Structures are given as structure tokens and as C-alpha cells.
file entry_6.cif (mmCIF, C-alpha atoms and all ligand atoms)
data_query
loop_
_atom_site.label_atom_id
_atom_site.label_comp_id
_atom_site.auth_asym_id
_atom_site.auth_seq_id
_atom_site.Cartn_x
_atom_site.Cartn_y
_atom_site.Cartn_z
CA MET A 25 238.62 252.24 3.19
CA ARG A 26 239.94 248.71 3.35
CA ILE A 27 242.10 247.77 6.32
CA LEU A 28 244.41 244.78 6.01
CA LEU A 29 245.18 243.68 9.54
CA SER A 30 248.43 241.75 9.78
CA ASN A 31 248.39 238.34 11.35
CA PRO A 32 250.70 237.73 13.14
CA ARG A 33 251.24 241.09 14.81
CA GLY A 34 252.03 242.40 18.29
CA PHE A 35 253.26 240.38 21.24
CA CYS A 36 255.72 237.59 20.52
CA ALA A 37 256.27 234.70 22.93
CA GLY A 38 259.39 236.35 24.44
CA VAL A 39 257.56 239.58 25.24
CA ALA A 40 254.52 237.73 26.59
CA MET A 41 256.77 235.70 28.89
CA ALA A 42 258.76 238.73 30.14
CA VAL A 43 255.68 240.84 30.83
CA GLU A 44 254.00 237.89 32.51
CA VAL A 45 256.99 237.52 34.84
CA VAL A 46 256.77 241.11 36.08
CA ASP A 47 252.99 241.06 36.22
CA ARG A 48 252.96 237.88 38.33
CA LEU A 49 255.68 239.26 40.61
CA THR A 50 253.53 242.28 41.43
CA ASN A 51 250.94 239.88 42.83
CA LEU A 52 253.54 237.77 44.60
CA ILE A 53 255.99 240.16 46.26
CA ASP A 54 255.19 242.80 48.85
CA GLY A 55 258.15 245.13 48.39
CA PRO A 56 258.97 247.03 45.20
CA ILE A 57 260.02 245.08 42.13
CA TYR A 58 262.93 246.47 40.17
CA VAL A 59 263.46 245.84 36.45
CA PHE A 60 266.78 246.47 34.72
CA HIS A 61 265.94 248.54 31.61
CA ASP A 62 262.38 248.60 30.18
CA ILE A 63 261.02 245.07 30.45
CA VAL A 64 260.09 245.37 26.75
CA HIS A 65 260.35 248.41 24.49
CA ASN A 66 256.82 249.73 24.76
CA THR A 67 255.84 252.85 26.68
CA HIS A 68 252.34 251.55 27.47
CA VAL A 69 253.56 248.26 28.90
CA VAL A 70 256.12 250.11 31.02
CA SER A 71 253.71 252.74 32.32
CA ARG A 72 251.04 250.12 33.11
CA LEU A 73 253.57 248.21 35.19
CA GLU A 74 254.85 251.41 36.81
CA ALA A 75 251.28 252.05 37.89
CA LYS A 76 251.47 248.71 39.72
CA GLY A 77 254.58 249.88 41.60
CA VAL A 78 257.31 248.41 39.38
CA ILE A 79 260.52 250.47 39.26
CA PHE A 80 262.55 250.50 36.04
CA THR A 81 266.20 251.42 36.53
CA GLU A 82 269.69 250.70 35.24
CA ASP A 83 271.31 252.11 38.38
CA ILE A 84 272.02 248.91 40.31
CA PRO A 85 273.82 250.67 43.22
CA SER A 86 270.57 252.54 43.92
CA ILE A 87 268.58 249.31 44.45
CA PRO A 88 268.28 248.30 48.12
CA PRO A 89 270.13 245.03 48.89
CA ASN A 90 268.00 241.85 48.90
CA SER A 91 265.45 243.38 46.51
CA VAL A 92 264.02 241.50 43.54
CA LEU A 93 265.52 242.57 40.19
CA VAL A 94 264.19 241.35 36.85
CA PHE A 95 266.43 241.33 33.77
CA SER A 96 264.46 242.52 30.75
CA ALA A 97 263.60 240.49 27.63
CA HIS A 98 266.63 242.01 25.84
CA GLY A 99 269.14 240.29 28.11
CA VAL A 100 272.05 241.75 30.09
CA SER A 101 275.82 241.45 30.02
CA PRO A 102 277.74 239.42 32.62
CA LYS A 103 278.84 242.72 34.21
CA VAL A 104 275.22 243.54 35.07
CA ARG A 105 274.72 240.07 36.55
CA GLU A 106 277.86 240.53 38.59
CA ALA A 107 276.80 243.97 39.85
CA ALA A 108 273.43 242.54 40.88
CA ALA A 109 275.10 239.63 42.70
CA ASN A 110 277.48 242.02 44.48
CA ARG A 111 274.47 244.04 45.65
CA ASN A 112 272.91 240.82 46.93
CA LEU A 113 269.85 241.20 44.73
CA ARG A 114 267.51 238.34 43.99
CA THR A 115 267.46 238.22 40.21
CA ILE A 116 264.79 236.86 37.89
CA ASP A 117 265.99 236.44 34.33
CA ALA A 118 263.23 237.30 31.84
CA THR A 119 265.62 237.32 28.88
CA CYS A 120 263.95 235.92 25.77
CA PRO A 121 265.35 232.42 25.14
CA LEU A 122 266.11 233.44 21.55
CA VAL A 123 268.36 236.22 22.83
CA THR A 124 269.98 233.80 25.28
CA LYS A 125 270.73 231.58 22.29
CA VAL A 126 272.73 234.41 20.64
CA HIS A 127 274.61 235.02 23.93
CA ALA A 128 275.49 231.32 24.04
CA GLU A 129 276.73 231.45 20.43
CA ALA A 130 278.91 234.47 21.24
CA VAL A 131 280.44 232.70 24.25
CA ARG A 132 281.01 229.49 22.29
CA TYR A 133 282.67 231.20 19.32
CA ALA A 134 284.80 233.40 21.59
CA ASN A 135 285.95 230.29 23.49
CA LEU A 136 286.89 228.71 20.15
CA GLY A 137 289.09 231.73 19.47
CA LEU A 138 286.98 233.09 16.61
CA GLU A 139 286.62 236.81 15.92
CA ILE A 140 282.91 237.74 15.97
CA LEU A 141 281.23 240.40 13.87
CA LEU A 142 277.95 241.21 15.61
CA ILE A 143 275.50 242.81 13.17
CA GLY A 144 273.18 245.12 15.07
CA HIS A 145 272.60 248.52 16.61
CA ALA A 146 275.37 249.35 19.08
CA ASP A 147 273.09 251.31 21.41
CA HIS A 148 270.38 248.62 21.58
CA GLN A 149 270.12 246.84 24.91
CA GLU A 150 270.28 243.42 23.30
CA VAL A 151 273.52 244.21 21.45
CA ILE A 152 275.03 245.76 24.59
CA GLY A 153 274.25 242.53 26.46
CA THR A 154 275.58 240.18 23.75
CA HIS A 155 278.71 242.28 23.25
CA GLY A 156 279.32 242.13 26.99
CA GLU A 157 279.65 238.33 26.84
CA ALA A 158 282.98 238.56 25.02
CA PRO A 159 283.91 242.22 24.44
CA GLU A 160 287.48 241.42 23.40
CA SER A 161 286.29 239.06 20.62
CA ILE A 162 283.28 241.00 19.27
CA ARG A 163 283.19 243.88 16.78
CA ILE A 164 279.82 245.52 16.14
CA VAL A 165 278.79 246.09 12.53
CA GLU A 166 275.87 248.51 12.32
CA SER A 167 275.58 249.34 8.63
CA GLU A 168 276.66 248.53 5.08
CA ASP A 169 279.40 251.17 5.46
CA ASP A 170 280.66 249.41 8.58
CA ALA A 171 280.65 246.10 6.69
CA LYS A 172 282.71 247.68 3.90
CA SER A 173 285.29 249.16 6.26
CA VAL A 174 285.55 246.79 9.24
CA SER A 175 289.06 245.38 9.61
CA VAL A 176 289.64 241.93 11.05
CA GLN A 177 292.69 240.14 12.39
CA ASP A 178 292.30 236.87 10.47
CA PRO A 179 289.67 236.60 7.69
CA SER A 180 289.83 232.81 7.93
CA ASN A 181 288.86 232.81 11.60
CA LEU A 182 285.69 234.85 11.48
CA VAL A 183 282.01 234.39 12.30
CA TYR A 184 279.02 236.74 12.21
CA LEU A 185 276.01 236.89 14.54
CA THR A 186 273.01 239.20 14.32
CA GLN A 187 270.66 241.05 16.63
CA THR A 188 267.34 239.19 16.79
CA THR A 189 265.21 242.15 15.68
CA LEU A 190 267.15 243.40 12.65
CA SER A 191 265.56 244.28 9.36
CA THR A 192 265.89 241.19 7.17
CA ASP A 193 266.50 243.59 4.22
CA ASP A 194 269.45 245.26 6.00
CA ALA A 195 270.87 242.03 7.39
CA GLU A 196 270.93 240.38 3.95
CA LYS A 197 272.84 243.32 2.44
CA ILE A 198 275.33 243.53 5.30
CA ILE A 199 275.94 239.77 5.34
CA SER A 200 276.50 239.65 1.59
CA ILE A 201 279.09 242.46 1.83
CA LEU A 202 280.87 240.58 4.61
CA GLN A 203 280.75 237.32 2.63
CA GLU A 204 282.18 239.06 -0.41
CA ARG A 205 285.00 240.63 1.61
CA PHE A 206 285.63 237.58 3.79
CA PRO A 207 284.63 234.44 1.81
CA LEU A 208 285.57 232.17 4.72
CA ILE A 209 283.32 233.93 7.25
CA LYS A 210 281.00 231.51 9.06
CA GLY A 211 277.43 232.16 10.16
CA PRO A 212 275.44 230.92 13.16
CA PRO A 213 274.03 227.37 12.86
CA GLY A 214 270.46 228.75 12.72
CA GLU A 215 268.96 232.13 11.94
CA ASP A 216 269.59 234.71 14.71
CA ILE A 217 266.84 237.05 13.50
CA CYS A 218 263.94 235.59 15.43
CA TYR A 219 260.73 234.03 14.14
CA ALA A 220 258.57 236.95 15.36
CA THR A 221 260.68 239.57 13.59
CA THR A 222 260.80 237.47 10.41
CA ASN A 223 257.05 236.78 10.39
CA ARG A 224 255.95 240.38 11.06
CA GLN A 225 258.39 241.74 8.48
CA GLY A 226 257.36 238.99 6.03
CA VAL A 227 253.74 240.15 6.03
CA VAL A 228 254.76 243.78 5.45
CA ALA A 229 257.18 242.78 2.70
CA ALA A 230 254.49 240.69 0.98
CA TYR A 231 251.64 243.22 1.19
CA ALA A 232 253.29 246.68 1.23
CA LYS A 233 253.14 247.14 -2.53
CA SER A 234 249.45 246.27 -2.70
CA VAL A 235 248.29 248.92 -0.19
CA ASP A 236 248.38 252.74 -0.13
CA ARG A 237 249.76 253.11 3.41
CA VAL A 238 251.34 250.98 6.13
CA LEU A 239 250.64 251.81 9.75
CA VAL A 240 252.80 250.25 12.47
CA ILE A 241 251.82 250.33 16.13
CA GLY A 242 254.82 250.28 18.44
CA SER A 243 257.09 252.56 20.43
CA SER A 244 259.95 254.59 18.96
CA ASN A 245 262.53 252.60 20.97
CA SER A 246 261.15 249.29 19.67
CA SER A 247 263.70 248.13 17.10
CA ASN A 248 261.36 245.67 15.41
CA SER A 249 258.53 248.26 15.17
CA VAL A 250 260.82 250.82 13.54
CA ARG A 251 262.09 248.15 11.14
CA LEU A 252 258.52 247.27 10.06
CA ALA A 253 257.97 250.84 8.85
CA GLU A 254 261.36 250.77 7.08
CA ILE A 255 260.51 247.51 5.30
CA ALA A 256 257.36 249.16 3.88
CA GLU A 257 259.23 252.32 2.88
CA ASN A 258 261.92 250.22 1.17
CA ARG A 259 259.10 248.99 -1.09
CA GLY A 260 257.93 252.51 -1.88
CA THR A 261 254.84 252.59 0.35
CA PRO A 262 254.44 255.50 2.77
CA ALA A 263 254.62 254.12 6.30
CA CYS A 264 254.18 255.55 9.75
CA ARG A 265 254.91 254.17 13.22
CA ILE A 266 252.72 255.36 16.06
CA ASP A 267 252.76 254.57 19.75
CA ASP A 268 248.98 254.64 19.93
CA LEU A 269 245.85 256.15 18.37
CA ARG A 270 246.65 259.60 19.80
CA GLU A 271 249.66 259.83 17.49
CA LEU A 272 247.72 258.97 14.35
CA LYS A 273 247.60 261.98 12.02
CA ASP A 274 244.53 261.73 9.85
CA ASP A 275 246.53 263.41 7.05
CA PHE A 276 248.57 260.24 6.78
CA VAL A 277 245.58 258.10 5.80
CA MET A 278 243.56 260.80 4.03
CA GLY A 279 242.69 259.60 0.53
CA ALA A 280 244.08 256.12 1.11
CA GLU A 281 241.84 253.31 -0.09
CA SER A 282 243.81 250.57 1.64
CA VAL A 283 245.95 250.54 4.77
CA LEU A 284 248.00 247.65 6.14
CA VAL A 285 247.96 247.75 9.95
CA THR A 286 250.54 245.83 11.94
CA ALA A 287 252.20 246.01 15.36
CA GLY A 288 255.71 245.42 16.65
CA ALA A 289 256.45 242.48 18.93
CA SER A 290 256.13 244.56 22.10
CA ALA A 291 252.89 246.41 21.24
CA PRO A 292 249.80 245.36 23.25
CA GLU A 293 246.79 244.21 21.24
CA ASP A 294 244.37 246.69 22.84
CA LEU A 295 246.28 249.56 21.16
CA VAL A 296 245.78 247.87 17.79
CA GLN A 297 242.08 247.44 18.52
CA GLN A 298 241.72 251.14 19.34
CA VAL A 299 243.21 252.06 15.97
CA ILE A 300 240.97 249.56 14.16
CA SER A 301 237.88 250.88 15.96
CA HIS A 302 238.89 254.39 14.89
CA PHE A 303 239.06 253.35 11.23
CA VAL A 304 235.71 251.60 11.44
CA THR A 305 234.02 254.53 13.16
CA LEU A 306 235.53 257.37 11.15
CA TYR A 307 236.01 255.81 7.72
CA LYS A 308 233.49 252.94 7.81
CA ALA A 309 236.48 250.76 7.01
CA ASP A 310 236.18 247.09 6.08
CA ILE A 311 238.59 244.94 8.06
CA GLU A 312 240.30 242.01 6.43
CA VAL A 313 242.63 239.89 8.55
CA ILE A 314 245.59 238.57 6.60
CA ASP A 315 245.57 234.84 6.87
CA ALA A 316 249.27 234.18 7.53
CA PRO A 317 250.25 230.99 9.36
CA GLY A 318 249.90 231.13 13.14
CA GLU A 319 253.05 231.14 15.25
CA GLY A 320 252.18 228.84 18.15
CA MET A 321 255.45 229.64 19.95
CA LYS A 322 255.46 229.31 23.75
CA PHE A 323 258.17 230.05 26.29
CA PRO A 324 257.95 228.74 29.84
CA LEU A 325 258.39 231.02 32.82
CA PRO A 326 262.10 231.20 33.72
CA ARG A 327 263.43 228.77 36.31
CA SER A 328 264.27 231.65 38.71
CA MET A 329 260.63 232.76 38.46
CA ARG A 330 259.21 229.29 39.04
CA LYS A 331 261.45 229.01 42.12
CA ILE A 332 260.14 232.22 43.69
CA MET A 333 256.56 231.16 42.85
CA LYS A 334 257.11 227.81 44.53
CA GLU A 335 258.47 229.51 47.65
CA ASN A 336 255.31 231.62 47.74
CA ASP A 337 252.98 228.65 47.16
CA ALA A 338 251.82 230.14 43.88
CA GLU A 339 250.42 227.88 41.20
CA ILE A 340 252.98 227.37 38.46
CA PRO A 341 251.43 227.20 34.98
CA ARG A 342 252.16 224.12 32.92
CA GLY A 343 253.76 224.72 29.55
CA GLY A 344 254.51 228.18 28.30
CA ILE A 345 253.01 231.61 28.05
CA SER A 346 251.44 231.72 24.64
CA VAL A 347 250.03 234.36 22.34
CA ASP A 348 247.35 233.59 19.80
CA ALA A 349 248.57 234.71 16.41
CA ASP A 350 245.22 236.24 15.49
CA GLY A 351 245.15 238.51 18.53
CA LYS A 352 242.16 236.81 20.17
CA THR A 353 243.59 236.35 23.63
CA ARG A 354 246.42 237.64 25.73
CA ASP A 355 246.65 235.94 29.11
CA TRP A 356 248.71 238.69 30.70
CA MET A 357 246.09 241.30 29.85
CA THR A 358 243.40 239.37 31.64
CA GLN A 359 245.61 239.23 34.66
CA SER A 360 246.43 242.93 34.48
CA GLN A 361 242.75 243.66 33.94
CA ILE A 362 243.54 245.77 30.94
CA PRO A 363 240.43 246.35 28.82
CA PHE A 364 240.58 244.16 25.76
CA ILE A 365 238.33 244.19 22.74
CA SER A 366 238.44 240.98 20.77
CA ILE A 367 238.51 240.57 17.04
CA THR A 368 237.73 237.35 15.26
CA ALA A 369 240.15 235.77 12.83
CA GLU A 370 237.61 236.56 10.10
CA GLY A 371 237.69 240.26 10.99
CA HIS A 372 234.70 242.61 11.25
CA SER A 373 233.78 241.71 14.84
CA ILE A 374 235.30 244.27 17.16
S1 LIG B 401 261.21 239.84 19.22
FE1 LIG B 401 262.10 237.79 19.03
S2 LIG B 401 263.98 237.84 20.25
FE2 LIG B 401 262.74 239.63 20.85
S3 LIG B 401 261.53 238.92 22.60
FE3 LIG B 401 260.29 238.52 20.78
S4 LIG B 401 260.75 236.39 20.18
FE4 LIG B 401 262.35 237.08 21.59
#
call {"tool": "encode", "arguments": {"input": "entry_6.cif", "output": "C-alpha cells", "more": "lines below"}}
Ligand code: SF4
result
Amino acid sequence: MRILLSNPRGFCAGVAMAVEVVDRLTNLIDGPIYVFHDIVHNTHVVSRLEAKGVIFTEDIPSIPPNSVLVFSAHGVSPKVREAAANRNLRTIDATCPLVTKVHAEAVRYANLGLEILLIGHADHQEVIGTHGEAPESIRIVESEDDAKSVSVQDPSNLVYLTQTTLSTDDAEKIISILQERFPLIKGPPGEDICYATTNRQGVVAAYAKSVDRVLVIGSSNSSNSVRLAEIAENRGTPACRIDDLRELKDDFVMGAESVLVTAGASAPEDLVQQVISHFVTLYKADIEVIDAPGEGMKFPLPRSMRKIMKENDAEIPRGGISVDADGKTRDWMTQSQIPFISITAEGHSI
């Protein structure tokens, strides 16, 4: 069996930053740390932090006043910020800067009086947060059917935005329907679908047809992990998303000569390594790391986090929290003392 291991895969800079925030807080604060929603959409990350005493909740009235509350990487609506302020909570905003950018676009367009079509999944935390910035100006478009039927007040005063973790396949189709129906619709100045989503999907799109199976590591509530499997299936290659090795059904890979392995932006690298080790042990698989360009994206710790670190005389790291594109190192794992097996960019060494 030949395993093509996607590079990049797994943690993006936004996830690395958000997890780092909560991880550092557990070492900094004595009382419980509350996080609004899952810090990132991965069951392993959440349960590892729960084991360190972190409490994940969306019930702000249940949080004791003056507690520390972290907003997850997906961002929150102004109503959540207001509820936290009314409860006198100390908030740390771990929203990914690329999500914050979409919030800012929504606010700006709403202030300009434009009607906004937000392409995304209505029940996803990121879309809930963005929609909450200007609910009276934003309509959510989830599908091609929605794009065909959505009615607008003034087709000449329209703009679209997208969720950062959409399938690029779906987004293209939806946007082209909207552009056909509303030729004057404007788009955001830059791409809203983020670099990490684009890069991970790009590798699957490029290699899916040349392998027998595609295996995605990521949780079922991780939008970008689910989309990776869809991108492969759209190209006719059987694909499966698993949370971890325990969910891998050997039937899925039985008879396959080549498998592309990738991981969603919130999936820890050690889960990928466990799957790779399994393929090497059971199938004597050869590992080939796809040599896609590295990402090199870094996000600094949020200002609210640096402030609380300063108050506690903690050393504030210079620059940002980075993730090596080839999966060699993950700073937050070292700090969480999570076992980590390294793999070289050339593959084979596990
Ligand atoms: S997937 Fe993209 S938008 Fe989401 S946290 Fe990562 S970099 Fe940010």
C-alpha cells in the first residue's frame, strides 16, 4: 500500500493560536476557565482541555461573575459579548483573525446600507457569529437551491460574503448562480474562504483522482474536515472522515493500493501519526509526503491574552503561534505534554 500524506494538513494558525490561549490560561489562572462553544471543532482537543479543568459552555448566565471566558476560534456575535459583559466576565477573544475579518466586512457593508448574502451553514458557530453582527442586513444562503430562490430588496445594492471553511467547489457554484441572477452583486475585497481551507482542499482536489481512497482525520462537527471528504467524493473517489484510528474500518481500505491521508484544520497531528503507524504496521505501507508549499502563517496571541499574561508576570512570546506545514512540530502539544511522534518531510521516519 502507498500512503500519500497531505502537506499541509491539520492545525492551521487560527486553531493553533486558539488552543494555545486556553492551554496557557490553564497554567496561568487558578479558578476554572470557561470557553464559549468548543474552542475548535475537535473532540480530542476539547476532551484534553476538559481533563485540565476547562469548562465548555454556551450558557453564560451559569458562569460565575468575574470568571475568565474565552471566545472560541469561530467567533461570537455582539449579543454574546454583551451577555458576557453584563455578567462581568473577563473575556479573552481567541477568534481567528480571518473570521474577525469577515465580521468586519459584514459590519462595514451593513453600515454602507448594502444587503448581504452570507454563504455558509446557518447552524455553524462562525455563521451564527457573523450573522449576529448585522442580522437585519444579512440573509444566509446555504445551498444552490437557496441561491436560486433567495429574494433581495435591491439587486443593485448587494454583496456576498462566505464562511471561511466552505467547500471551494460549493462556493464557486453558489456564487456563480448569484452572479447570474444578480449581475451587480459585489464580492469581498479578498477571498473569505481562508488559506488553510483552500490549501487542504487544494491537495485533495489535485490528488483524489490518482488514489483509490481518501481518508480525512477530523471530527464530525468540523466543517472543513467534512468538506475535505466531500471534495474527494465530488471527484469520484471513495472518502471517509474519521475522528481517530478507532473509527477506521479496515473494510474501507481493503484492496486499496493507494490512500491519500489528510486532516482538517482542527485535527491534532498525533492522531494522524497513529493512523500512519497503523498503515505501516498492518499493511507495510510506504509513506510519501506530498510536497505542497508550506504555509508559514502565524497569528499572535490576542491582546486580551497578552494583557492577562502581563498581569501574571508570564513571558509573552514574540511573534505568533506557528505550525510547521509538514507536521514536524506543534508548540502547544509540547506544552500540553501530549505524546507526539514526528515524521520527516521526506516521510518514512515515524
Ligand atoms: S480554518 Fe481558517 S478561518 Fe478557521 S481557524 Fe483556521 S485559519 Fe482561521
call {"tool": "residues_near_ligand", "arguments": {"input": "entry_6.cif", "ligand": "ligand LIG 401 (chain B)", "cutoff": "7 Å", "atoms": "all atoms listed in the file", "output": "ChimeraX atom specification"}}
result
/A:36-39,97-98,120-123,188-189,218-221,248,289
call {"tool": "atom_distance", "arguments": {"input": "entry_6.cif", "atom1": "atom CA of Ala232 of chain A", "atom2": "atom CA of Arg259 of chain A"}}
result
6.7 Å
call {"tool": "closest_residue", "arguments": {"input": "entry_6.cif", "among": "A:Asn112, A:Thr222, A:Thr154, A:Gln203", "to": "Ser180 of chain A", "atoms": "all atoms listed in the file"}}
result
A:Gln203
call {"tool": "atom_distance", "arguments": {"input": "entry_6.cif", "atom1": "atom CA of Glu312 of chain A", "atom2": "atom CA of Thr286 of chain A"}}
result
12.2 Å
call {"tool": "closest_residue", "arguments": {"input": "entry_6.cif", "among": "A:Ala146, A:Ile209, A:Val104, A:Val46", "to": "Phe80 of chain A", "atoms": "all atoms listed in the file"}}
result
A:Val46
call {"tool": "residues_around", "arguments": {"input": "entry_6.cif", "residues": "Lys197 of chain A", "least_positions_apart": "2", "cutoff": "12 Å", "atoms": "all atoms listed in the file", "output": "PyMOL selection string"}}
result
chain A and resi 143+166-172+190-195+199-204
call {"tool": "residues_around", "arguments": {"input": "entry_6.cif", "residues": "Ile314 of chain A", "least_positions_apart": "5", "cutoff": "7 Å", "atoms": "all atoms listed in the file", "output": "number ranges by chain"}}
result
A: 28-31
call {"tool": "atom_distance", "arguments": {"input": "entry_6.cif", "atom1": "atom CA of Ser173 of chain A", "atom2": "atom CA of Arg205 of chain A"}}
result
9.7 Å
call {"tool": "closest_residue", "arguments": {"input": "entry_6.cif", "among": "A:Asp62, A:Asp267, A:Glu82, A:Glu257", "to": "Ala118 of chain A", "atoms": "all atoms listed in the file"}}
result
A:Asp62
call {"tool": "decode", "arguments": {"input": "entry_6.cif", "residues": "segment 111-137 of chain A", "atoms": "N, CA and C atoms", "output": "short mmCIF file (atom, residue, chain, number, x, y, z; two decimals), in the first residue's frame"}}
result
data_model
loop_
_atom_site.label_atom_id
_atom_site.label_comp_id
_atom_site.auth_asym_id
_atom_site.auth_seq_id
_atom_site.Cartn_x
_atom_site.Cartn_y
_atom_site.Cartn_z
N ARG A 111 -22.46 40.03 32.67
CA ARG A 111 -22.19 39.05 33.74
C ARG A 111 -20.86 39.38 34.43
N ASN A 112 -20.23 40.45 33.91
CA ASN A 112 -18.95 40.87 34.49
C ASN A 112 -17.86 39.82 34.33
N LEU A 113 -17.84 39.20 33.16
CA LEU A 113 -16.82 38.17 32.92
C LEU A 113 -15.59 38.82 32.30
N ARG A 114 -14.45 38.25 32.57
CA ARG A 114 -13.23 38.71 31.92
C ARG A 114 -13.08 37.90 30.64
N THR A 115 -13.17 38.54 29.51
CA THR A 115 -13.20 37.77 28.26
C THR A 115 -11.85 37.83 27.53
N ILE A 116 -11.50 36.69 26.97
CA ILE A 116 -10.30 36.57 26.13
C ILE A 116 -10.82 36.15 24.76
N ASP A 117 -10.49 36.92 23.75
CA ASP A 117 -11.05 36.66 22.42
C ASP A 117 -10.07 35.85 21.57
N ALA A 118 -10.36 34.55 21.44
CA ALA A 118 -9.48 33.69 20.63
C ALA A 118 -10.04 33.49 19.22
N THR A 119 -10.89 34.41 18.78
CA THR A 119 -11.42 34.32 17.41
C THR A 119 -10.27 34.37 16.40
N CYS A 120 -10.32 33.49 15.42
CA CYS A 120 -9.30 33.54 14.36
C CYS A 120 -9.37 34.90 13.66
N PRO A 121 -8.23 35.54 13.44
CA PRO A 121 -8.25 36.85 12.77
C PRO A 121 -8.92 36.82 11.40
N LEU A 122 -8.92 35.65 10.74
CA LEU A 122 -9.55 35.59 9.42
C LEU A 122 -11.07 35.55 9.53
N VAL A 123 -11.57 35.11 10.68
CA VAL A 123 -13.02 35.19 10.94
C VAL A 123 -13.37 36.63 11.32
N THR A 124 -12.52 37.23 12.14
CA THR A 124 -12.74 38.64 12.52
C THR A 124 -12.82 39.53 11.28
N LYS A 125 -12.00 39.19 10.29
CA LYS A 125 -12.01 39.97 9.04
C LYS A 125 -13.40 39.91 8.39
N VAL A 126 -14.03 38.72 8.38
CA VAL A 126 -15.36 38.60 7.77
C VAL A 126 -16.39 39.38 8.60
N HIS A 127 -16.25 39.34 9.94
CA HIS A 127 -17.15 40.15 10.79
C HIS A 127 -17.02 41.62 10.41
N ALA A 128 -15.78 42.08 10.26
CA ALA A 128 -15.55 43.49 9.95
C ALA A 128 -16.17 43.85 8.59
N GLU A 129 -16.06 42.92 7.63
CA GLU A 129 -16.67 43.18 6.32
C GLU A 129 -18.18 43.30 6.45
N ALA A 130 -18.77 42.41 7.26
CA ALA A 130 -20.23 42.44 7.44
C ALA A 130 -20.67 43.77 8.04
N VAL A 131 -19.93 44.22 9.06
CA VAL A 131 -20.28 45.49 9.71
C VAL A 131 -20.14 46.64 8.72
N ARG A 132 -19.03 46.63 7.97
CA ARG A 132 -18.78 47.73 7.03
C ARG A 132 -19.86 47.80 5.96
N TYR A 133 -20.19 46.64 5.37
CA TYR A 133 -21.20 46.65 4.30
C TYR A 133 -22.58 47.02 4.85
N ALA A 134 -22.88 46.53 6.06
CA ALA A 134 -24.18 46.88 6.66
C ALA A 134 -24.25 48.38 6.90
N ASN A 135 -23.14 48.97 7.38
CA ASN A 135 -23.13 50.42 7.62
C ASN A 135 -23.26 51.22 6.33
N LEU A 136 -22.81 50.61 5.22
CA LEU A 136 -22.95 51.29 3.92
C LEU A 136 -24.35 51.10 3.33
N GLY A 137 -25.17 50.35 4.05
CA GLY A 137 -26.56 50.16 3.60
C GLY A 137 -26.72 49.04 2.59
#
